[in-house]
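Printed here is final.cif (mmCIF, C-alpha atoms):
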data_start
#
loop_
_atom_site.label_atom_id
_atom_site.label_comp_id
_atom_site.auth_asym_id
_atom_site.auth_seq_id
_atom_site.Cartn_x
_atom_site.Cartn_y
_atom_site.Cartn_z
CA MET N 1 200.59 382.44 125.53
CA THR N 2 198.19 383.65 122.87
CA LYS N 3 198.36 386.98 121.11
CA LYS N 4 195.12 388.05 119.49
CA VAL N 5 196.34 391.04 117.53
CA THR N 6 199.58 392.67 116.43
CA TRP N 7 198.80 395.88 114.67
CA ASP N 8 200.99 397.43 112.00
CA ILE N 9 202.54 400.58 113.38
CA ASN N 10 202.79 403.39 110.87
CA PRO N 11 205.02 405.99 112.57
CA GLN N 12 203.26 408.76 110.64
CA ARG N 13 199.94 407.80 112.22
CA THR N 14 200.96 406.78 115.75
CA ALA N 15 200.93 408.83 118.95
CA LEU N 16 202.03 408.17 122.53
CA ILE N 17 199.49 408.81 125.27
CA ILE N 18 201.04 409.30 128.72
CA VAL N 19 198.29 408.94 131.32
CA ASP N 20 198.29 410.87 134.60
CA MET N 21 202.03 410.79 135.38
CA GLN N 22 201.37 413.65 137.77
CA LYS N 23 203.07 414.34 141.06
CA VAL N 24 199.87 413.42 142.94
CA PHE N 25 200.10 409.85 141.60
CA CYS N 26 203.89 409.43 141.35
CA GLU N 27 205.42 411.07 144.42
CA LYS N 28 205.60 409.37 147.79
CA GLY N 29 203.39 411.02 150.38
CA GLN N 30 201.00 412.45 147.81
CA ALA N 31 197.26 411.77 148.12
CA LEU N 32 196.93 409.23 145.30
CA TYR N 33 200.43 407.74 145.37
CA VAL N 34 200.88 404.64 143.19
CA PRO N 35 204.20 403.06 144.25
CA ASP N 36 204.65 401.07 141.02
CA THR N 37 204.92 404.28 138.99
CA ALA N 38 208.60 404.35 139.99
CA GLN N 39 209.19 401.26 137.85
CA ILE N 40 207.71 402.67 134.65
CA ILE N 41 209.32 406.12 134.43
CA GLY N 42 212.44 404.81 132.65
CA HIS N 43 210.36 402.95 130.07
CA ILE N 44 208.23 406.01 129.39
CA GLN N 45 211.42 408.05 128.95
CA SER N 46 212.63 405.54 126.36
CA LEU N 47 209.33 405.82 124.48
CA THR N 48 209.23 409.63 124.57
CA ALA N 49 212.84 409.89 123.39
CA LEU N 50 212.15 407.69 120.38
CA MET N 51 208.82 409.31 119.52
CA ARG N 52 210.23 412.85 119.72
CA SER N 53 213.21 411.89 117.57
CA LYS N 54 210.77 410.82 114.87
CA ASN N 55 208.36 413.74 115.28
CA MET N 56 205.63 411.43 116.52
CA PRO N 57 203.12 413.15 118.84
CA VAL N 58 203.60 412.84 122.59
CA ILE N 59 200.32 413.57 124.37
CA TYR N 60 199.99 413.90 128.14
CA LEU N 61 196.71 413.37 129.96
CA ARG N 62 196.23 415.00 133.36
CA HIS N 63 193.40 414.40 135.81
CA VAL N 64 192.56 417.96 136.90
CA VAL N 65 189.35 419.48 138.31
CA ARG N 66 188.33 423.08 138.90
CA GLY N 67 188.45 422.61 142.65
CA ASP N 68 185.21 424.45 143.34
CA GLY N 69 182.98 421.38 143.22
CA SER N 70 181.29 422.46 140.01
CA ASP N 71 182.59 419.54 137.96
CA THR N 72 182.87 416.63 140.41
CA GLY N 73 179.60 414.74 140.85
CA ARG N 74 180.00 410.96 140.83
CA MET N 75 183.79 411.39 140.98
CA LYS N 76 183.30 413.17 144.31
CA ASP N 77 180.92 410.46 145.54
CA LEU N 78 183.72 407.95 144.98
CA TYR N 79 186.61 410.26 145.99
CA PRO N 80 185.14 412.74 148.51
CA ASN N 81 188.34 414.81 148.65
CA VAL N 82 188.77 415.10 144.88
CA ASP N 83 188.26 418.88 144.89
CA GLU N 84 191.24 419.25 147.21
CA ILE N 85 193.63 416.70 145.74
CA LEU N 86 193.16 417.32 142.01
CA ALA N 87 192.44 421.06 141.95
CA ARG N 88 194.01 422.83 139.00
CA THR N 89 195.81 425.28 141.31
CA ASP N 90 197.56 422.52 143.27
CA PRO N 91 201.20 422.01 142.14
CA ALA N 92 200.70 418.26 142.65
CA VAL N 93 198.64 418.04 139.47
CA GLU N 94 201.71 418.91 137.37
CA ILE N 95 203.55 416.22 135.40
CA ILE N 96 206.57 414.83 137.30
CA ASP N 97 209.93 416.45 136.56
CA GLU N 98 211.39 413.23 135.12
CA LEU N 99 208.78 413.34 132.33
CA SER N 100 208.46 417.11 131.83
CA PRO N 101 206.57 417.95 128.65
CA GLN N 102 208.79 419.40 125.92
CA VAL N 103 208.02 422.03 123.30
CA GLY N 104 205.69 420.41 120.76
CA ASP N 105 204.14 417.95 123.22
CA ILE N 106 200.40 418.24 123.87
CA ILE N 107 198.66 418.29 127.25
CA VAL N 108 194.99 417.27 127.53
CA ASP N 109 193.27 417.82 130.87
CA LYS N 110 190.34 415.59 131.75
CA LEU N 111 187.84 415.66 134.59
CA PHE N 112 187.37 411.93 135.02
CA TYR N 113 189.14 408.71 134.08
CA SER N 114 188.82 408.67 130.29
CA GLY N 115 191.07 410.77 128.09
CA PHE N 116 188.27 410.96 125.52
CA HIS N 117 185.32 411.99 127.70
CA ASN N 118 184.51 415.71 127.33
CA THR N 119 187.98 416.53 125.99
CA ASP N 120 189.39 417.49 122.59
CA LEU N 121 191.62 414.40 122.41
CA ASP N 122 189.65 412.80 119.58
CA ALA N 123 189.70 416.04 117.58
CA ILE N 124 193.45 416.45 118.09
CA LEU N 125 194.06 412.90 116.89
CA ARG N 126 191.89 413.41 113.80
CA MET N 127 193.67 416.66 112.97
CA LYS N 128 196.92 414.72 112.98
CA ASP N 129 195.41 411.72 111.14
CA ILE N 130 196.47 409.41 113.97
CA ASP N 131 195.03 405.88 113.95
CA THR N 132 197.24 404.10 116.50
CA LEU N 133 197.72 404.98 120.16
CA ILE N 134 200.42 403.66 122.45
CA VAL N 135 199.19 404.03 126.04
CA CYS N 136 201.42 404.19 129.11
CA GLY N 137 201.13 405.72 132.59
CA THR N 138 198.90 405.13 135.58
CA VAL N 139 196.60 403.66 136.88
CA THR N 140 196.67 400.63 134.53
CA ASN N 141 193.11 399.40 135.02
CA VAL N 142 191.49 402.79 135.67
CA CYS N 143 192.52 405.84 133.60
CA CYS N 144 194.75 403.89 131.20
CA GLU N 145 192.23 401.10 130.58
CA THR N 146 189.22 403.45 130.41
CA THR N 147 191.07 405.48 127.76
CA ILE N 148 191.91 402.25 125.93
CA ARG N 149 188.30 401.04 126.03
CA ASP N 150 187.10 404.41 124.77
CA GLY N 151 189.77 404.49 122.07
CA VAL N 152 189.00 401.06 120.63
CA HIS N 153 185.29 401.97 120.50
CA ARG N 154 186.36 404.94 118.36
CA GLU N 155 188.24 402.51 116.05
CA TYR N 156 191.76 403.48 117.12
CA LYS N 157 194.31 400.69 117.20
CA MET N 158 195.09 400.70 120.91
CA ILE N 159 198.38 399.39 122.33
CA ALA N 160 198.92 398.96 126.08
CA VAL N 161 202.55 398.84 127.18
CA SER N 162 202.82 396.07 129.77
CA ASP N 163 205.95 397.44 131.49
CA ALA N 164 205.02 401.12 131.18
CA ASN N 165 201.65 401.01 132.96
CA ALA N 166 201.43 400.98 136.76
CA ALA N 167 198.57 399.57 138.85
CA MET N 168 197.79 399.86 142.54
CA ALA N 169 196.45 397.56 145.26
CA TYR N 170 192.84 397.64 146.49
CA PRO N 171 191.67 397.12 150.05
CA ASP N 172 188.96 394.56 150.76
CA MET N 173 185.86 395.96 149.04
CA GLY N 174 183.87 392.87 149.99
CA PHE N 175 185.73 390.38 147.82
CA GLY N 176 189.14 390.20 149.56
CA ALA N 177 192.10 392.56 149.26
CA VAL N 178 193.80 392.65 145.86
CA SER N 179 197.52 393.30 145.24
CA ALA N 180 198.83 395.68 142.60
CA ALA N 181 200.42 392.72 140.82
CA GLU N 182 197.07 390.90 140.63
CA VAL N 183 195.32 393.96 139.27
CA GLN N 184 198.07 394.46 136.70
CA ARG N 185 197.92 390.81 135.59
CA ILE N 186 194.14 390.68 135.18
CA SER N 187 193.94 394.10 133.54
CA LEU N 188 196.66 393.27 130.99
CA SER N 189 195.07 389.86 130.29
CA ALA N 190 191.61 391.34 129.75
CA MET N 191 192.98 394.17 127.60
CA ALA N 192 194.92 391.69 125.44
CA TYR N 193 191.78 389.59 124.96
CA GLU N 194 189.17 392.30 124.51
CA PHE N 195 190.51 395.77 123.87
CA ALA N 196 194.09 396.15 122.68
CA GLU N 197 197.44 394.82 121.66
CA VAL N 198 199.54 394.42 124.79
CA THR N 199 203.30 394.43 124.37
CA THR N 200 206.54 395.66 125.92
CA THR N 201 208.48 398.90 125.62
CA GLU N 202 211.38 397.06 124.00
CA ASN N 203 209.15 395.42 121.40
CA LEU N 204 207.64 398.78 120.45
CA ILE N 205 211.02 400.47 120.21
CA GLN N 206 212.25 397.74 117.87
CA ARG N 207 209.15 398.08 115.68
CA MET N 208 209.38 401.89 115.50
CA ALA N 209 213.16 402.35 115.30
CA MET D 1 185.49 395.41 153.93
CA THR D 2 185.10 399.02 152.87
CA LYS D 3 182.14 400.41 150.99
CA LYS D 4 182.83 403.70 149.26
CA VAL D 5 179.34 404.65 148.21
CA THR D 6 175.73 403.63 148.85
CA TRP D 7 173.49 405.63 146.59
CA ASP D 8 169.90 406.50 147.43
CA ILE D 9 167.63 404.57 145.08
CA ASN D 10 164.61 406.54 143.97
CA PRO D 11 162.38 403.94 142.26
CA GLN D 12 160.95 406.65 140.00
CA ARG D 13 164.41 407.36 138.62
CA THR D 14 166.00 403.90 138.53
CA ALA D 15 166.28 401.45 135.61
CA LEU D 16 167.60 397.92 135.26
CA ILE D 17 170.15 397.27 132.49
CA ILE D 18 170.44 393.62 131.48
CA VAL D 19 173.64 393.20 129.48
CA ASP D 20 173.99 390.67 126.66
CA MET D 21 171.96 387.79 128.15
CA GLN D 22 171.78 386.41 124.62
CA LYS D 23 171.79 382.78 123.58
CA VAL D 24 175.27 383.18 122.10
CA PHE D 25 176.67 383.96 125.57
CA CYS D 26 174.35 381.86 127.75
CA GLU D 27 173.79 378.56 125.97
CA LYS D 28 176.25 375.70 126.09
CA GLY D 29 177.89 375.06 122.74
CA GLN D 30 177.38 378.60 121.50
CA ALA D 31 180.36 380.57 120.18
CA LEU D 32 180.80 382.92 123.15
CA TYR D 33 179.45 380.70 125.94
CA VAL D 34 180.04 382.02 129.46
CA PRO D 35 179.32 379.11 131.84
CA ASP D 36 178.75 381.34 134.89
CA THR D 37 175.70 382.92 133.24
CA ALA D 38 173.72 379.89 134.51
CA GLN D 39 174.21 381.13 138.07
CA ILE D 40 172.83 384.62 137.51
CA ILE D 41 169.61 383.96 135.61
CA GLY D 42 167.57 383.44 138.78
CA HIS D 43 168.85 386.68 140.30
CA ILE D 44 168.05 388.62 137.16
CA GLN D 45 164.56 387.11 137.16
CA SER D 46 164.09 388.36 140.75
CA LEU D 47 165.19 391.85 139.73
CA THR D 48 163.01 392.00 136.61
CA ALA D 49 159.94 390.77 138.54
CA LEU D 50 160.34 393.48 141.16
CA MET D 51 161.12 396.24 138.67
CA ARG D 52 158.17 395.38 136.41
CA SER D 53 155.81 395.25 139.38
CA LYS D 54 156.81 398.83 140.18
CA ASN D 55 156.80 400.06 136.58
CA MET D 56 160.54 400.64 136.68
CA PRO D 57 162.19 400.39 133.24
CA VAL D 58 163.81 397.10 132.24
CA ILE D 59 166.32 397.69 129.46
CA TYR D 60 168.07 394.91 127.56
CA LEU D 61 171.35 395.40 125.76
CA ARG D 62 172.25 393.06 122.92
CA HIS D 63 175.57 392.79 121.11
CA VAL D 64 174.49 392.59 117.47
CA VAL D 65 176.29 393.47 114.22
CA ARG D 66 175.05 393.76 110.66
CA GLY D 67 177.00 390.68 109.62
CA ASP D 68 178.31 392.14 106.39
CA GLY D 69 181.56 393.49 107.86
CA SER D 70 180.53 397.11 107.46
CA ASP D 71 180.50 397.83 111.21
CA THR D 72 183.20 395.60 112.68
CA GLY D 73 186.66 397.16 112.49
CA ARG D 74 188.67 396.77 115.70
CA MET D 75 186.04 394.38 117.04
CA LYS D 76 186.81 392.10 114.10
CA ASP D 77 190.55 392.46 114.67
CA LEU D 78 189.99 391.09 118.18
CA TYR D 79 187.20 388.62 117.29
CA PRO D 80 187.82 387.61 113.64
CA ASN D 81 184.55 385.65 113.42
CA VAL D 82 182.36 388.42 114.87
CA ASP D 83 180.42 388.88 111.62
CA GLU D 84 179.34 385.25 111.80
CA ILE D 85 178.63 384.86 115.51
CA LEU D 86 176.84 388.15 116.26
CA ALA D 87 175.03 388.78 112.97
CA ARG D 88 171.56 390.24 113.44
CA THR D 89 169.99 387.41 111.43
CA ASP D 90 171.42 384.69 113.67
CA PRO D 91 168.85 383.36 116.19
CA ALA D 92 171.67 383.11 118.75
CA VAL D 93 171.68 386.88 119.21
CA GLU D 94 168.19 386.72 120.77
CA ILE D 95 167.71 387.06 124.52
CA ILE D 96 167.45 383.68 126.27
CA ASP D 97 163.96 382.31 126.83
CA GLU D 98 164.29 382.44 130.64
CA LEU D 99 164.63 386.24 130.43
CA SER D 100 162.34 386.98 127.48
CA PRO D 101 161.58 390.68 127.18
CA GLN D 102 158.00 391.58 128.13
CA VAL D 103 155.71 394.22 126.70
CA GLY D 104 157.02 397.57 127.89
CA ASP D 105 160.65 396.48 128.17
CA ILE D 106 163.20 398.22 125.96
CA ILE D 107 165.86 396.59 123.80
CA VAL D 108 168.98 398.53 122.81
CA ASP D 109 171.30 396.94 120.27
CA LYS D 110 174.97 397.92 120.34
CA LEU D 111 177.87 397.19 118.02
CA PHE D 112 180.62 396.98 120.61
CA TYR D 113 180.99 396.53 124.35
CA SER D 114 179.46 399.74 125.72
CA GLY D 115 175.72 400.22 125.95
CA PHE D 116 176.24 403.96 125.51
CA HIS D 117 178.52 404.06 122.48
CA ASN D 118 176.64 405.00 119.28
CA THR D 119 173.26 403.99 120.76
CA ASP D 120 170.20 405.88 121.97
CA LEU D 121 170.54 404.54 125.53
CA ASP D 122 171.47 407.93 127.00
CA ALA D 123 168.55 409.63 125.23
CA ILE D 124 166.11 406.96 126.44
CA LEU D 125 167.31 407.40 130.02
CA ARG D 126 166.99 411.20 129.81
CA MET D 127 163.48 410.93 128.38
CA LYS D 128 162.55 408.86 131.41
CA ASP D 129 164.50 411.11 133.82
CA ILE D 130 166.51 408.11 135.05
CA ASP D 131 169.57 408.88 137.19
CA THR D 132 170.39 405.44 138.64
CA LEU D 133 171.24 402.27 136.72
CA ILE D 134 171.34 398.76 138.13
CA VAL D 135 173.57 396.66 135.87
CA CYS D 136 173.45 392.87 135.57
CA GLY D 137 174.33 390.36 132.86
CA THR D 138 177.52 389.31 131.12
CA VAL D 139 180.50 389.60 130.72
CA THR D 140 181.18 391.30 134.08
CA ASN D 141 184.46 393.01 133.21
CA VAL D 142 183.76 393.60 129.53
CA CYS D 143 180.31 394.75 128.38
CA CYS D 144 178.93 395.24 131.91
CA GLU D 145 181.97 397.15 133.19
CA THR D 146 182.42 399.19 130.01
CA THR D 147 178.77 400.27 130.27
CA ILE D 148 179.31 401.08 133.96
CA ARG D 149 182.45 403.15 133.20
CA ASP D 150 180.60 405.00 130.46
CA GLY D 151 177.57 405.55 132.70
CA VAL D 152 179.48 407.01 135.63
CA HIS D 153 181.28 409.39 133.25
CA ARG D 154 177.81 410.57 132.21
CA GLU D 155 176.97 411.17 135.91
CA TYR D 156 174.61 408.24 136.35
CA LYS D 157 174.67 406.51 139.74
CA MET D 158 175.87 403.09 138.64
CA ILE D 159 175.19 399.94 140.63
CA ALA D 160 176.84 396.61 139.76
CA VAL D 161 175.06 393.53 141.11
CA SER D 162 177.76 391.19 142.42
CA ASP D 163 175.68 387.99 142.11
CA ALA D 164 173.93 388.94 138.87
CA ASN D 165 177.00 389.57 136.69
CA ALA D 166 178.93 386.66 135.15
CA ALA D 167 182.60 386.68 134.12
CA MET D 168 184.63 384.22 132.10
CA ALA D 169 188.15 382.78 132.23
CA TYR D 170 191.01 383.98 130.03
CA PRO D 171 193.73 381.81 128.50
CA ASP D 172 197.36 382.80 129.02
CA MET D 173 197.74 386.09 127.14
CA GLY D 174 201.34 386.43 128.30
CA PHE D 175 200.63 386.91 131.99
CA GLY D 176 199.33 383.47 133.02
CA ALA D 177 195.84 382.01 132.66
CA VAL D 178 193.12 383.70 134.70
CA SER D 179 190.03 381.97 136.13
CA ALA D 180 186.52 383.39 135.87
CA ALA D 181 186.45 383.72 139.68
CA GLU D 182 189.64 385.83 139.64
CA VAL D 183 188.29 388.09 136.91
CA GLN D 184 185.00 388.48 138.80
CA ARG D 185 186.80 389.31 142.06
CA ILE D 186 189.14 391.91 140.58
CA SER D 187 186.44 393.48 138.41
CA LEU D 188 184.00 393.84 141.33
CA SER D 189 186.76 395.22 143.57
CA ALA D 190 187.88 397.80 141.01
CA MET D 191 184.29 398.80 140.24
CA ALA D 192 183.51 399.24 143.95
CA TYR D 193 186.60 401.43 144.36
CA GLU D 194 186.46 403.47 141.17
CA PHE D 195 183.19 403.32 139.25
CA ALA D 196 180.09 402.12 141.10
CA GLU D 197 178.25 400.85 144.09
CA VAL D 198 178.58 397.06 144.16
CA THR D 199 175.94 395.13 146.06
CA THR D 200 173.81 391.98 145.97
CA THR D 201 170.45 391.20 144.41
CA GLU D 202 168.94 390.66 147.85
CA ASN D 203 170.15 394.01 149.14
CA LEU D 204 168.67 395.80 146.13
CA ILE D 205 165.35 394.02 146.43
CA GLN D 206 165.11 395.03 150.11
CA ARG D 207 165.89 398.64 149.26
CA MET D 208 163.40 398.79 146.40
CA ALA D 209 160.53 396.71 147.86
#

As structure tokens, the full file:
Amino acid sequence: MTKKVTWDINPQRTALIIVDMQKVFCEKGQALYVPDTAQIIGHIQSLTALMRSKNMPVIYLRHVVRGDGSDTGRMKDLYPNVDEILARTDPAVEIIDELSPQVGDIIVDKLFYSGFHNTDLDAILRMKDIDTLIVCGTVTNVCCETTIRDGVHREYKMIAVSDANAAMAYPDMGFGAVSAAEVQRISLSAMAYEFAEVTTTENLIQRMA
Amino acid sequence: MTKKVTWDINPQRTALIIVDMQKVFCEKGQALYVPDTAQIIGHIQSLTALMRSKNMPVIYLRHVVRGDGSDTGRMKDLYPNVDEILARTDPAVEIIDELSPQVGDIIVDKLFYSGFHNTDLDAILRMKDIDTLIVCGTVTNVCCETTIRDGVHREYKMIAVSDANAAMAYPDMGFGAVSAAEVQRISLSAMAYEFAEVTTTENLIQRMA
């Protein structure tokens, strides 16, 4: 095992980004259900508890669209029912009860995968002088990794939490079906090599405690 | 096999993006050599020949830094020798001879993985009224896929060419070593599901001929 980077974590300048832990992704039977989200909720709870106890920002991203088709172009080409399943009036776009935002937490809604694209996330982070982002949530290689790629381009020190990000399986898109575990493994490996520090919940809690 | 999207290609509004086919990535012995680039050069030549014959824009991206450390923050954290291996004065940052830019082609230099970040690529494409981008080059899941993610967020119809993008292997970053073929397979699958149309050189040439 090789580790390319271990960034210093200054608790005064570090925020937690919780990606898309919405009912639509985390609850069985919902349109975009990611089964592995069940395994990361406890780890995210550990991270939020520590961060809140130290007054470190906890920021939630939510994938939410207007629902009238006015804001879903390419997203709708790829997910034709996006205006139904992610409409802002649908209760399924709310954060799951186990991770309910608390007073002082920040919610940033986004129209696509990246937490930075066409949102005020970057401005919020600058206002708070944040330079390090711990990213957890779902889907590992999509919204989490797109946010991580965008963050490192903006010179943030990005940290992906290996046991607090959940991936999903893909059907055969022409290259053979892919399991959630395979996606998780390749996404974490590529992030560790190219985009971020990748570490565990426990390691982060030790470093921030 | 499932295909989520097949975009209409209007030759008047379509450009080819050739990502990082620089000597440093494509020539044996160079610092960032990606062996699978050898297999895609012929396909990229087929695409450039067709596009140029129809006056469709051919745009090269190059990963180039100043070399004095002034522009390599997180990139340098992840690649400590980046100021040496991608400096603008190093002949290895030039495009390989087999794909030499021709009069009328456009070269866009970038400091990081994305062709859109802090470059004039988006402005160039708007000036030319381009709405569809065919992406080839290297490294599939890094500079190519980051440019594809950024492009689809900007509402471009993104097309990844499965046999004209080259990936590389990763050492064990804590999750087991990963072969270039595995990276290629998972990257193409995820792009086809989330970010782009994924198709072959031959299919594109038939549709554009």

Within 12 Å of (195.3, 401.9, 133.3) in the file's own coordinates, which protein, DNA or RNA residues have an atom, counting only C-alpha atoms? List them as a PyMOL selection string.
(chain N and resi 17-21+34+37+113-115+135-149+159-168+180+183-188+190-191) or (chain D and resi 190+194)

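CA of His117 (chain N) lies 28.3 Å from CA of Pro80 (chain D).
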
Each chain D residue no farther than 6 Å from chain N, nearest pair in Å, all atoms listed in the file, as JSON lines:
{"residue": "D:Met1", "atom": "CA", "partner": "N:Asp172", "partner_atom": "CA", "distance": 4.8}
{"residue": "D:Thr2", "atom": "CA", "partner": "N:Met173", "partner_atom": "CA", "distance": 5.0}
{"residue": "D:Arg74", "atom": "CA", "partner": "N:Glu155", "partner_atom": "CA", "distance": 5.8}
{"residue": "D:Glu155", "atom": "CA", "partner": "N:Arg74", "partner_atom": "CA", "distance": 5.8}
{"residue": "D:Asp172", "atom": "CA", "partner": "N:Met1", "partner_atom": "CA", "distance": 4.8}
{"residue": "D:Met173", "atom": "CA", "partner": "N:Met1", "partner_atom": "CA", "distance": 4.9}
{"residue": "D:Gly174", "atom": "CA", "partner": "N:Met1", "partner_atom": "CA", "distance": 4.9}
{"residue": "D:Phe175", "atom": "CA", "partner": "N:Arg185", "partner_atom": "CA", "distance": 6.0}
{"residue": "D:Arg185", "atom": "CA", "partner": "N:Phe175", "partner_atom": "CA", "distance": 6.0}
{"residue": "D:Ser189", "atom": "CA", "partner": "N:Met173", "partner_atom": "CA", "distance": 5.6}

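Note on the selection: in this file the PyMOL selection byres ((chain D and resi 208) around 12) comes out as D:Asp8, D:Ile9, D:Asn10, D:Pro11, D:Gln12, D:Arg13, D:Thr14, D:Ala15, D:Leu16, D:Ser46, D:Leu47, D:Thr48, D:Ala49, D:Leu50, D:Met51, D:Arg52, D:Ser53, D:Lys54, D:Asn55, D:Met56, D:Ile134, D:Thr201, D:Glu202, D:Asn203, D:Leu204, D:Ile205, D:Gln206, D:Arg207, D:Ala209.
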
For the residues selected in the previous step, produce a file with C-alpha atoms as an mmCIF file, in the frame of the given file.
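New file out.cif:
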data_model
loop_
_atom_site.group_PDB
_atom_site.id
_atom_site.type_symbol
_atom_site.label_atom_id
_atom_site.label_comp_id
_atom_site.auth_asym_id
_atom_site.auth_seq_id
_atom_site.Cartn_x
_atom_site.Cartn_y
_atom_site.Cartn_z
ATOM 1 C CA ASP D 8 169.900 406.500 147.430
ATOM 2 C CA ILE D 9 167.630 404.570 145.080
ATOM 3 C CA ASN D 10 164.610 406.540 143.970
ATOM 4 C CA PRO D 11 162.380 403.940 142.260
ATOM 5 C CA GLN D 12 160.950 406.650 140.000
ATOM 6 C CA ARG D 13 164.410 407.360 138.620
ATOM 7 C CA THR D 14 166.000 403.900 138.530
ATOM 8 C CA ALA D 15 166.280 401.450 135.610
ATOM 9 C CA LEU D 16 167.600 397.920 135.260
ATOM 10 C CA SER D 46 164.090 388.360 140.750
ATOM 11 C CA LEU D 47 165.190 391.850 139.730
ATOM 12 C CA THR D 48 163.010 392.000 136.610
ATOM 13 C CA ALA D 49 159.940 390.770 138.540
ATOM 14 C CA LEU D 50 160.340 393.480 141.160
ATOM 15 C CA MET D 51 161.120 396.240 138.670
ATOM 16 C CA ARG D 52 158.170 395.380 136.410
ATOM 17 C CA SER D 53 155.810 395.250 139.380
ATOM 18 C CA LYS D 54 156.810 398.830 140.180
ATOM 19 C CA ASN D 55 156.800 400.060 136.580
ATOM 20 C CA MET D 56 160.540 400.640 136.680
ATOM 21 C CA ILE D 134 171.340 398.760 138.130
ATOM 22 C CA THR D 201 170.450 391.200 144.410
ATOM 23 C CA GLU D 202 168.940 390.660 147.850
ATOM 24 C CA ASN D 203 170.150 394.010 149.140
ATOM 25 C CA LEU D 204 168.670 395.800 146.130
ATOM 26 C CA ILE D 205 165.350 394.020 146.430
ATOM 27 C CA GLN D 206 165.110 395.030 150.110
ATOM 28 C CA ARG D 207 165.890 398.640 149.260
ATOM 29 C CA ALA D 209 160.530 396.710 147.860
#

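Applied to the shown file, the PyMOL selection byres ((chain N and resi 103) around 12) selects the residues Arg52, Asn55, Pro57, Val58, Ile59, Ser100, Pro101, Gln102, Gly104, Asp105, Ile106 and Ile107 of chain N.
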
Identify, on the basis of only C-alpha atoms, every residue whose closest approach to Leu86 (chain D) does not exceed 9 Å; exclude the query and any residue fewer than 3 positions from it along the same chain; express the result as a PyMOL selection string.
chain D and resi 24+63-67+81-83+89-90+92-93

Could you jot down the CA of Arg88 (chain N) to CA of Ser70 (chain N) separation for me, Å, one decimal place?
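A separation of 12.8 Å between them.
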
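For the pair CA of Thr200 (chain D) and CA of Leu61 (chain D), the separation is 20.6 Å.
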
Would you mind writing region 183-193 of chain D with N, CA, C and O atoms, as a PDB file, in the coordinates of the input?
ATOM      1  N   VAL D 183     188.757 386.932 137.678  1.00  0.00           N
ATOM      2  CA  VAL D 183     188.290 388.090 136.910  1.00  0.00           C
ATOM      3  C   VAL D 183     187.132 388.769 137.639  1.00  0.00           C
ATOM      4  O   VAL D 183     187.110 389.989 137.809  1.00  0.00           O
ATOM      5  N   GLN D 184     186.176 387.949 138.096  1.00  0.00           N
ATOM      6  CA  GLN D 184     185.000 388.480 138.800  1.00  0.00           C
ATOM      7  C   GLN D 184     185.443 389.268 140.051  1.00  0.00           C
ATOM      8  O   GLN D 184     184.973 390.376 140.302  1.00  0.00           O
ATOM      9  N   ARG D 185     186.364 388.691 140.797  1.00  0.00           N
ATOM     10  CA  ARG D 185     186.800 389.310 142.060  1.00  0.00           C
ATOM     11  C   ARG D 185     187.515 390.649 141.812  1.00  0.00           C
ATOM     12  O   ARG D 185     187.236 391.639 142.488  1.00  0.00           O
ATOM     13  N   ILE D 186     188.390 390.672 140.831  1.00  0.00           N
ATOM     14  CA  ILE D 186     189.140 391.910 140.580  1.00  0.00           C
ATOM     15  C   ILE D 186     188.224 392.956 139.931  1.00  0.00           C
ATOM     16  O   ILE D 186     188.302 394.147 140.250  1.00  0.00           O
ATOM     17  N   SER D 187     187.348 392.530 139.049  1.00  0.00           N
ATOM     18  CA  SER D 187     186.440 393.480 138.410  1.00  0.00           C
ATOM     19  C   SER D 187     185.501 394.111 139.439  1.00  0.00           C
ATOM     20  O   SER D 187     185.315 395.331 139.462  1.00  0.00           O
ATOM     21  N   LEU D 188     184.914 393.294 140.310  1.00  0.00           N
ATOM     22  CA  LEU D 188     184.000 393.840 141.330  1.00  0.00           C
ATOM     23  C   LEU D 188     184.760 394.759 142.287  1.00  0.00           C
ATOM     24  O   LEU D 188     184.240 395.809 142.688  1.00  0.00           O
ATOM     25  N   SER D 189     185.979 394.385 142.649  1.00  0.00           N
ATOM     26  CA  SER D 189     186.760 395.220 143.570  1.00  0.00           C
ATOM     27  C   SER D 189     187.077 396.574 142.934  1.00  0.00           C
ATOM     28  O   SER D 189     186.931 397.629 143.568  1.00  0.00           O
ATOM     29  N   ALA D 190     187.534 396.542 141.693  1.00  0.00           N
ATOM     30  CA  ALA D 190     187.880 397.800 141.010  1.00  0.00           C
ATOM     31  C   ALA D 190     186.620 398.642 140.796  1.00  0.00           C
ATOM     32  O   ALA D 190     186.642 399.865 140.990  1.00  0.00           O
ATOM     33  N   MET D 191     185.510 398.010 140.423  1.00  0.00           N
ATOM     34  CA  MET D 191     184.290 398.800 140.240  1.00  0.00           C
ATOM     35  C   MET D 191     183.861 399.443 141.544  1.00  0.00           C
ATOM     36  O   MET D 191     183.485 400.623 141.572  1.00  0.00           O
ATOM     37  N   ALA D 192     183.932 398.694 142.652  1.00  0.00           N
ATOM     38  CA  ALA D 192     183.510 399.240 143.950  1.00  0.00           C
ATOM     39  C   ALA D 192     184.408 400.403 144.374  1.00  0.00           C
ATOM     40  O   ALA D 192     183.967 401.316 145.075  1.00  0.00           O
ATOM     41  N   TYR D 193     185.665 400.374 143.951  1.00  0.00           N
ATOM     42  CA  TYR D 193     186.600 401.430 144.360  1.00  0.00           C
ATOM     43  C   TYR D 193     186.552 402.642 143.431  1.00  0.00           C
ATOM     44  O   TYR D 193     186.756 403.770 143.863  1.00  0.00           O
TER      45      TYR D 193
END
